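Novice: Pasting my_file17.txt below, which is compact mmCIF, C-alpha atoms.
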```
# COMPACT_ATOMS: atom_id res chain seq x y z
CA MET H 158 -123.04 -52.89 58.73
CA LYS H 159 -120.64 -55.69 59.55
CA GLU H 160 -121.25 -58.95 57.69
CA PRO H 161 -122.00 -61.98 59.92
CA ILE H 162 -119.16 -64.47 60.40
CA LYS H 163 -119.37 -67.29 57.87
CA ARG H 164 -120.06 -70.72 59.35
CA TYR H 165 -118.99 -74.02 57.80
CA PRO H 166 -120.89 -76.97 59.34
CA THR H 167 -118.61 -79.77 58.08
CA LYS H 168 -118.73 -83.37 59.31
CA TYR H 169 -115.28 -84.75 58.52
CA PRO H 170 -113.59 -87.27 60.87
CA SER H 171 -110.83 -84.70 61.43
CA ASP H 172 -113.24 -82.05 62.78
CA VAL H 173 -112.87 -81.14 66.44
CA SER H 174 -115.58 -82.21 68.85
CA ASP H 175 -117.32 -79.66 71.06
CA ALA H 176 -115.20 -80.73 74.05
CA GLU H 177 -111.98 -80.48 72.01
CA TRP H 178 -112.91 -77.03 70.73
CA GLU H 179 -113.69 -75.85 74.25
CA PHE H 180 -110.09 -76.71 75.18
CA CYS H 181 -108.45 -75.35 71.99
CA ALA H 182 -110.41 -72.13 71.48
CA PRO H 183 -108.65 -69.99 74.14
CA TYR H 184 -105.25 -70.79 72.61
CA LEU H 185 -106.35 -70.01 69.05
CA SER H 186 -108.19 -66.75 69.75
CA LEU H 187 -105.61 -64.18 68.68
CA MET H 188 -108.38 -61.58 68.37
CA ARG H 189 -111.83 -61.02 69.82
CA GLU H 190 -114.75 -63.02 68.49
CA ASP H 191 -116.44 -59.77 67.38
CA ALA H 192 -113.30 -58.25 65.78
CA PRO H 193 -114.32 -56.36 62.62
CA GLN H 194 -111.68 -58.07 60.46
CA ARG H 195 -112.90 -61.55 61.37
CA GLU H 196 -114.79 -63.00 58.43
CA HIS H 197 -114.66 -66.77 58.90
CA CYS H 198 -115.51 -68.93 61.91
CA PRO H 199 -112.26 -69.79 63.76
CA ARG H 200 -113.46 -73.32 64.43
CA ALA H 201 -114.01 -73.87 60.70
CA VAL H 202 -110.50 -72.57 59.93
CA PHE H 203 -109.04 -74.90 62.56
CA ASN H 204 -111.04 -77.83 61.16
CA ALA H 205 -109.66 -77.05 57.71
CA LEU H 206 -106.11 -77.02 59.05
CA ARG H 207 -106.68 -80.36 60.78
CA TYR H 208 -108.00 -81.75 57.49
CA VAL H 209 -104.79 -80.72 55.69
CA VAL H 210 -102.60 -82.21 58.43
CA LYS H 211 -104.59 -85.45 58.56
CA THR H 212 -104.94 -86.08 54.83
CA GLY H 213 -101.75 -84.42 53.60
CA CYS H 214 -103.60 -82.70 50.78
CA PRO H 215 -102.20 -79.52 49.16
CA TRP H 216 -103.73 -76.26 50.39
CA ARG H 217 -105.47 -75.64 47.08
CA TYR H 218 -107.15 -79.06 47.29
CA LEU H 219 -109.16 -78.18 50.39
CA PRO H 220 -112.84 -79.12 49.88
CA SER H 221 -115.10 -76.20 49.03
CA ASP H 222 -117.14 -76.56 52.25
CA PHE H 223 -114.15 -75.20 54.20
CA PRO H 224 -113.03 -71.55 54.27
CA PRO H 225 -110.82 -70.50 51.30
CA HIS H 226 -107.43 -72.21 51.26
CA TYR H 227 -105.52 -68.92 51.37
CA THR H 228 -107.43 -67.87 54.49
CA VAL H 229 -106.64 -71.18 56.21
CA HIS H 230 -102.96 -70.98 55.22
CA GLN H 231 -102.56 -67.39 56.42
CA GLN H 232 -104.24 -68.09 59.76
CA ALA H 233 -102.17 -71.25 60.23
CA GLN H 234 -99.01 -69.18 59.79
CA ARG H 235 -100.22 -66.70 62.43
CA TRP H 236 -100.87 -69.56 64.87
CA VAL H 237 -97.44 -71.06 64.22
CA LYS H 238 -95.66 -67.72 64.70
CA ALA H 239 -97.58 -67.12 67.93
CA GLY H 240 -96.48 -70.52 69.28
CA VAL H 241 -100.01 -71.55 70.15
CA PHE H 242 -99.52 -75.22 69.26
CA GLU H 243 -96.43 -75.57 71.46
CA THR H 244 -98.28 -73.93 74.35
CA MET H 245 -101.31 -76.15 73.80
CA ALA H 246 -99.19 -79.34 73.68
CA ASN H 247 -97.27 -78.37 76.83
CA ASP H 248 -100.40 -77.61 78.84
CA LEU H 249 -102.12 -80.77 77.62
CA ARG H 250 -99.08 -82.86 78.59
CA LYS H 251 -99.16 -81.39 82.10
CA LEU H 252 -102.86 -82.20 82.47
CA VAL H 253 -102.37 -85.79 81.30
CA ARG H 254 -99.51 -86.29 83.75
CA LEU H 255 -101.46 -84.84 86.67
CA LEU H 256 -104.44 -87.08 85.85
CA ALA H 257 -102.04 -90.04 85.85
CA GLY H 258 -100.95 -89.13 89.38
CA ARG H 259 -97.58 -87.73 88.38
CA HIS H 260 -95.74 -84.45 88.75
CA HIS H 261 -96.72 -82.06 85.97
CA GLU H 262 -93.12 -81.98 84.64
CA PRO H 263 -91.17 -85.15 83.78
CA THR H 264 -87.73 -86.04 85.08
CA ALA H 265 -86.99 -88.59 82.34
CA ALA H 266 -87.33 -88.59 78.57
CA ILE H 267 -86.96 -90.98 75.63
CA LEU H 268 -85.23 -89.84 72.42
CA ASP H 269 -85.53 -91.55 69.05
CA GLY H 270 -85.59 -90.87 65.32
CA ARG H 271 -87.76 -92.07 62.44
CA THR H 272 -87.23 -91.84 58.69
CA ILE H 273 -90.25 -90.86 56.59
CA GLN H 274 -90.37 -91.57 52.86
CA SER H 275 -90.05 -88.41 50.79
CA VAL H 276 -92.52 -86.91 48.34
CA PRO H 277 -91.77 -84.40 45.57
CA GLU H 278 -92.75 -81.57 47.94
CA SER H 279 -89.93 -82.54 50.33
CA GLY H 280 -87.47 -80.73 48.04
CA GLU H 281 -84.04 -80.06 49.51
CA ARG H 282 -85.11 -81.42 52.90
CA ALA H 283 -84.97 -85.00 51.57
CA GLY H 284 -81.86 -87.09 52.25
CA TYR H 285 -80.94 -90.76 51.98
CA ASP H 286 -80.93 -92.98 55.06
CA GLY H 287 -78.54 -95.82 54.20
CA TYR H 288 -79.56 -97.92 57.21
CA LYS H 289 -83.30 -97.75 56.48
CA ARG H 290 -82.72 -97.58 52.70
CA LYS H 291 -85.13 -94.69 52.37
CA LYS H 292 -84.93 -91.22 50.90
CA GLY H 293 -86.85 -88.61 52.81
CA SER H 294 -86.94 -86.71 56.07
CA LYS H 295 -86.09 -87.83 59.57
CA THR H 296 -88.07 -86.79 62.63
CA HIS H 297 -86.11 -86.67 65.88
CA VAL H 298 -88.56 -86.86 68.77
CA ALA H 299 -88.37 -86.60 72.55
CA VAL H 300 -91.25 -87.87 74.69
CA ASP H 301 -91.80 -88.42 78.39
CA VAL H 302 -92.27 -91.97 79.70
CA LEU H 303 -96.03 -91.70 79.10
CA GLY H 304 -95.39 -90.96 75.42
CA ASN H 305 -96.31 -87.27 75.61
CA LEU H 306 -94.42 -85.06 73.18
CA LEU H 307 -91.64 -82.89 74.59
CA ALA H 308 -89.68 -81.83 71.50
CA VAL H 309 -89.42 -82.55 67.79
CA LEU H 310 -86.81 -81.76 65.16
CA VAL H 311 -87.01 -82.48 61.40
CA THR H 312 -83.87 -83.01 59.30
CA PRO H 313 -82.90 -84.70 56.02
CA ALA H 314 -82.89 -88.49 56.45
CA ASN H 315 -79.11 -88.71 56.15
CA GLU H 316 -78.64 -86.78 59.41
CA GLN H 317 -77.64 -89.06 62.31
CA GLU H 318 -79.57 -89.27 65.58
CA ARG H 319 -76.43 -88.59 67.65
CA ASP H 320 -75.91 -85.26 65.90
CA GLN H 321 -79.32 -84.01 67.08
CA ALA H 322 -79.02 -85.03 70.73
CA GLY H 323 -77.86 -81.61 71.90
CA GLU H 324 -80.64 -79.66 70.18
CA LEU H 325 -83.31 -82.14 71.32
CA CYS H 326 -82.09 -81.88 74.91
CA ARG H 327 -82.11 -78.09 74.69
CA GLN H 328 -85.73 -78.14 73.52
CA VAL H 329 -86.68 -80.67 76.20
CA GLN H 330 -85.28 -78.49 78.98
CA GLU H 331 -86.93 -75.40 77.52
CA ALA H 332 -90.30 -77.20 77.51
CA THR H 333 -89.95 -78.66 81.00
CA GLY H 334 -88.19 -75.84 82.84
CA GLN H 335 -84.84 -77.69 83.13
CA ASN H 336 -86.56 -80.57 84.94
CA VAL H 337 -85.37 -83.62 82.95
CA LYS H 338 -82.34 -85.41 84.42
CA ILE H 339 -82.00 -88.53 82.25
CA ALA H 340 -82.85 -89.53 78.66
CA PHE H 341 -83.12 -93.12 77.45
CA VAL H 342 -81.84 -93.72 73.91
CA ASP H 343 -80.91 -96.55 71.55
CA GLN H 344 -77.49 -97.27 70.08
CA GLY H 345 -77.90 -94.54 67.49
CA TYR H 346 -76.87 -92.08 70.21
CA THR H 347 -73.63 -93.77 71.28
CA GLY H 348 -70.41 -91.79 71.43
CA GLU H 349 -68.77 -89.15 73.54
CA ARG H 350 -70.11 -86.14 71.64
CA PRO H 351 -73.87 -86.73 72.15
CA SER H 352 -73.26 -87.49 75.84
CA GLN H 353 -71.33 -84.25 76.27
CA GLU H 354 -73.93 -82.19 74.41
CA ALA H 355 -76.73 -83.69 76.53
CA ALA H 356 -74.73 -83.13 79.72
CA ALA H 357 -74.32 -79.47 78.77
CA HIS H 358 -78.10 -79.21 79.21
CA GLY H 359 -78.12 -81.17 82.46
CA ILE H 360 -79.27 -84.49 80.96
CA GLU H 361 -77.55 -87.87 81.25
CA LEU H 362 -77.92 -90.16 78.22
CA CYS H 363 -78.62 -93.80 79.10
CA VAL H 364 -78.08 -96.09 76.09
CA VAL H 365 -80.31 -99.18 76.03
CA LYS H 366 -78.64 -101.86 73.91
CA LEU H 367 -80.64 -103.53 71.14
CA ALA H 368 -80.02 -107.09 72.31
CA GLU H 369 -81.34 -106.23 75.78
CA ALA H 370 -84.28 -104.17 74.58
CA LYS H 371 -85.58 -107.15 72.57
CA LYS H 372 -86.24 -109.05 75.80
CA GLY H 373 -89.56 -107.23 76.09
CA PHE H 374 -91.31 -104.78 78.35
CA VAL H 375 -91.06 -104.87 82.12
CA VAL H 376 -93.95 -103.51 84.14
CA ALA H 377 -92.81 -102.01 87.43
CA ARG H 378 -95.39 -102.12 90.22
CA LEU H 379 -95.74 -99.07 92.43
CA ASN H 380 -97.22 -98.82 95.89
CA LYS H 381 -100.64 -97.28 95.80
CA GLY H 382 -99.66 -94.52 98.17
CA GLY H 383 -96.41 -93.66 96.42
CA GLU H 384 -97.47 -93.19 92.80
CA SER H 385 -97.56 -89.41 92.77
CA GLY H 386 -94.23 -89.07 94.56
CA THR H 387 -92.29 -91.48 92.32
CA SER H 388 -90.13 -89.76 89.74
CA ASP H 389 -89.88 -90.87 86.12
CA SER H 390 -86.12 -91.19 86.36
CA SER H 391 -86.19 -93.59 89.33
CA ILE H 392 -88.68 -95.85 87.58
CA MET H 393 -86.83 -95.74 84.27
CA THR H 394 -83.45 -96.39 85.90
CA GLY H 395 -84.82 -99.59 87.36
CA LEU H 396 -86.29 -100.61 84.02
CA GLY H 397 -83.17 -99.58 82.14
CA ALA H 398 -81.15 -102.04 84.18
CA ARG H 399 -83.40 -104.76 82.79
CA GLY H 400 -82.95 -103.44 79.26
CA SER H 401 -86.54 -102.34 78.78
CA PHE H 402 -88.25 -98.99 78.45
CA GLY H 403 -91.59 -99.89 80.05
CA MET H 404 -94.04 -97.17 78.99
CA TRP H 405 -95.46 -95.35 82.03
```
Produce structure tokens that represent the structure in this file.
Specialist:
Amino acid sequence: MKEPIKRYPTKYPSDVSDAEWEFCAPYLSLMREDAPQREHCPRAVFNALRYVVKTGCPWRYLPSDFPPHYTVHQQAQRWVKAGVFETMANDLRKLVRLLAGRHHEPTAAILDGRTIQSVPESGERAGYDGYKRKKGSKTHVAVDVLGNLLAVLVTPANEQERDQAGELCRQVQEATGQNVKIAFVDQGYTGERPSQEAAAHGIELCVVKLAEAKKGFVVARLNKGGESGTSDSSIMTGLGARGSFGMW
């Protein structure tokens, strides 16, 4: 007789709500709920993974009221290999954009990088960022003008933003179906090479200078009837001329 699936009724702040689980469950179900090899509740495994991501604790330090750490780690690897998190993020971005009265795919993006202080576990991935005076990793991120994630790339901190422009643009176009036409960047992306690499993927880099960007945000007003038909790139081009990103 098959053993019942083990439940783990935890109450950590990182646990998913019922509404969140209703959205996530279809993406995470790589097998049927009644599959004979399923031993632990998928929601509990996902909660455990969220706990690790939120707290940064080692796998072996998972609290005992979660499924075993090796089970959580193995299932997390299956989810990563299946690409479920990318699919989930892409679909969620489209929903957010539609609810905001926009087209489900963006036409403009914002690229930037951030250096994160290293820990012993960073190993060979750590590098030294002379500008930020930090040793660690650097995350290169692309978002749409609403701040929704389009692409992310992690490198040692000594890697320059301009050297990652081509790969970020490739990922952006893969995620959006070749829909992005322009990307707004800071002066870390200046030079002929990043512009050429971005252009190879159909994206024009628009560099916003630091002195102009410090003038502040500019809120562009749209006609009530024209919100859904206004493209990101047309809005951002107008804001870029003023030297401001203006988060829409």
Novice: How many Å separate atom CA of H:Val229 from atom CA of H:Ala201?
Specialist: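 Interatomic distance, atom CA of H:Val229 to atom CA of H:Ala201: 9.0 Å.
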Novice: Using only C-alpha atoms, find the one residue out of H:Cys198, H:Ala322, H:Ala182, H:Ala314 that sits nearest to H:Thr272.
Specialist: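 Result for the nearest residue to H:Thr272: H:Ala314.
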Novice: Could you list, as JSON, numbers by chain, every residue within 10 Å of H:Leu306, counting all atoms listed in the file and ignoring same-chain residues fewer than 2 positions away?
Specialist: {"H": [243, 246, 247, 249, 250, 266, 267, 298, 299, 300, 301, 302, 303, 304, 308, 309, 329, 332]}
Novice: Between atom CA of H:Asp343 and atom CA of H:Glu324, measure the distance and give it in Å to one decimal.
Specialist: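 Separation between atom CA of H:Asp343 and atom CA of H:Glu324: 16.9 Å.
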Novice: Pick the closest to H:Glu361 from H:Gly323, H:Pro313, H:Gly345, H:Gly258: which is it, counting only C-alpha atoms?
Specialist: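 The answer is H:Gly323, which sits nearest to H:Glu361.
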Novice: For H:Ile339, which residue out of H:Val241, H:Val364, H:Leu256, H:Leu206 is the nearest one, using only C-alpha atoms?
Specialist: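 Residue with the minimum atom-to-atom distance to H:Ile339: H:Val364.
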Novice: Ranking H:Ala205, H:Ala265, H:Ala239, H:Leu307 by minimum distance to H:Leu362 and counting all atoms listed in the file, which one comes first?
Specialist: H:Ala265
Novice: Record the distance separating atom CA of H:Trp236 and atom CA of H:Glu262, expressed in Å with one decimal.
Specialist: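 Spanning atom CA of H:Trp236 to atom CA of H:Glu262 is a straight-line distance of 24.6 Å.
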Novice: Using all atoms listed in the file, which of the listed residues (H:Val342, H:Gly240, H:Gly213, H:Asn336) sits closest to H:Gly359?
Specialist: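 The answer is H:Asn336, which sits nearest to H:Gly359.
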Novice: Can you list, as a ChimeraX atom specification, every protein, DNA or RNA residue that comes within 12 Å of H:Arg200 when you count only C-alpha atoms, leaving out same-chain residues fewer than 6 positions away?
Specialist: /H:162-167,172-175,177-186,190,206-207,223-224,229,232
Novice: Tell me which of H:Thr212, H:Tyr285, H:Val337, H:Pro199 sits closest to H:Pro263, counting only C-alpha atoms.
Specialist: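 Checking each candidate against H:Pro263, we get H:Val337 as the closest.
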Novice: Write a file for stretch 209-322 of chain H, containing C-alpha atoms (output as a compact mmCIF listing (two decimals), in the first residue's frame).
Specialist:
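Resulting contents of selection12.txt:
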```txt
# COMPACT_ATOMS: atom_id res chain seq x y z
CA VAL H 209 16.78 28.88 1.36
CA VAL H 210 16.57 31.64 -1.26
CA LYS H 211 15.20 34.18 1.22
CA THR H 212 17.52 33.47 4.14
CA GLY H 213 20.61 32.31 2.24
CA CYS H 214 21.10 29.38 4.60
CA PRO H 215 23.06 26.28 3.49
CA TRP H 216 20.94 23.33 2.38
CA ARG H 217 21.91 21.28 5.42
CA TYR H 218 20.71 24.08 7.72
CA LEU H 219 17.09 23.79 6.63
CA PRO H 220 14.80 23.62 9.69
CA SER H 221 13.59 20.13 10.54
CA ASP H 222 9.92 21.00 9.88
CA PHE H 223 10.69 21.10 6.14
CA PRO H 224 11.28 18.05 3.92
CA PRO H 225 14.87 16.66 4.04
CA HIS H 226 17.45 19.02 2.57
CA TYR H 227 18.60 16.50 -0.04
CA THR H 228 15.02 16.09 -1.28
CA VAL H 229 14.59 19.86 -1.60
CA HIS H 230 17.94 20.23 -3.39
CA GLN H 231 17.23 17.43 -5.87
CA GLN H 232 13.76 18.74 -6.69
CA ALA H 233 15.11 22.29 -7.07
CA GLN H 234 17.60 21.01 -9.64
CA ARG H 235 14.79 19.29 -11.57
CA TRP H 236 12.80 22.54 -11.62
CA VAL H 237 15.82 24.53 -12.80
CA LYS H 238 16.62 22.05 -15.59
CA ALA H 239 12.98 22.08 -16.71
CA GLY H 240 13.04 25.89 -16.95
CA VAL H 241 9.92 26.28 -14.83
CA PHE H 242 11.07 29.46 -13.11
CA GLU H 243 11.83 31.23 -16.40
CA THR H 244 8.42 30.22 -17.76
CA MET H 245 6.71 31.35 -14.56
CA ALA H 246 8.49 34.74 -14.58
CA ASN H 247 7.70 35.33 -18.27
CA ASP H 248 4.00 34.53 -17.87
CA LEU H 249 3.74 36.63 -14.71
CA ARG H 250 5.40 39.57 -16.47
CA LYS H 251 2.87 39.34 -19.30
CA LEU H 252 -0.04 39.32 -16.84
CA VAL H 253 1.30 42.35 -14.97
CA ARG H 254 1.73 44.27 -18.21
CA LEU H 255 -1.76 43.43 -19.45
CA LEU H 256 -3.26 44.50 -16.11
CA ALA H 257 -1.35 47.78 -16.47
CA GLY H 258 -3.02 48.35 -19.84
CA ARG H 259 0.05 47.55 -21.91
CA HIS H 260 0.97 45.10 -24.64
CA HIS H 261 2.04 41.79 -23.14
CA GLU H 262 5.57 42.14 -24.60
CA PRO H 263 7.74 45.24 -24.04
CA THR H 264 9.40 47.29 -26.74
CA ALA H 265 11.94 48.92 -24.41
CA ALA H 266 14.27 47.62 -21.72
CA ILE H 267 16.67 48.95 -19.08
CA LEU H 268 20.06 47.29 -18.54
CA ASP H 269 22.23 47.70 -15.46
CA GLY H 270 24.70 45.86 -13.24
CA ARG H 271 25.14 45.51 -9.49
CA THR H 272 28.08 44.22 -7.46
CA ILE H 273 27.27 41.92 -4.53
CA GLN H 274 29.76 41.34 -1.74
CA SER H 275 31.25 37.85 -1.84
CA VAL H 276 31.04 35.11 0.76
CA PRO H 277 33.36 32.09 1.09
CA GLU H 278 30.88 30.03 -0.96
CA SER H 279 31.36 32.36 -3.95
CA GLY H 280 34.62 30.55 -4.75
CA GLU H 281 36.08 31.23 -8.18
CA ARG H 282 33.06 33.31 -9.18
CA ALA H 283 34.25 36.20 -6.97
CA GLY H 284 36.16 39.07 -8.58
CA TYR H 285 37.20 42.57 -7.53
CA ASP H 286 35.21 45.59 -8.68
CA GLY H 287 37.68 48.49 -8.52
CA TYR H 288 34.99 51.14 -9.00
CA LYS H 289 32.75 49.85 -6.19
CA ARG H 290 35.75 48.62 -4.15
CA LYS H 291 34.07 45.29 -3.53
CA LYS H 292 35.05 41.69 -4.08
CA GLY H 293 32.21 39.45 -5.14
CA SER H 294 29.82 38.75 -7.97
CA LYS H 295 28.11 41.10 -10.37
CA THR H 296 24.52 40.65 -11.51
CA HIS H 297 23.73 42.07 -14.95
CA VAL H 298 19.98 42.58 -15.20
CA ALA H 299 17.52 43.61 -17.90
CA VAL H 300 14.02 44.78 -16.95
CA ASP H 301 11.13 46.35 -18.80
CA VAL H 302 10.06 49.90 -17.94
CA LEU H 303 7.72 48.56 -15.25
CA GLY H 304 10.66 46.85 -13.54
CA ASN H 305 9.67 43.32 -14.54
CA LEU H 306 12.60 40.96 -15.04
CA LEU H 307 13.56 40.10 -18.62
CA ALA H 308 17.04 38.59 -18.27
CA VAL H 309 19.80 38.12 -15.72
CA LEU H 310 23.46 37.16 -15.98
CA VAL H 311 25.92 36.57 -13.11
CA THR H 312 29.66 37.12 -13.53
CA PRO H 313 32.70 37.84 -11.33
CA ALA H 314 32.60 41.46 -10.11
CA ASN H 315 35.58 42.47 -12.26
CA GLU H 316 33.59 41.87 -15.46
CA GLN H 317 32.45 45.13 -17.09
CA GLU H 318 28.83 45.91 -17.92
CA ARG H 319 29.67 46.71 -21.56
CA ASP H 320 31.08 43.22 -22.07
CA GLN H 321 27.72 41.64 -21.15
CA ALA H 322 25.49 43.82 -23.34
```
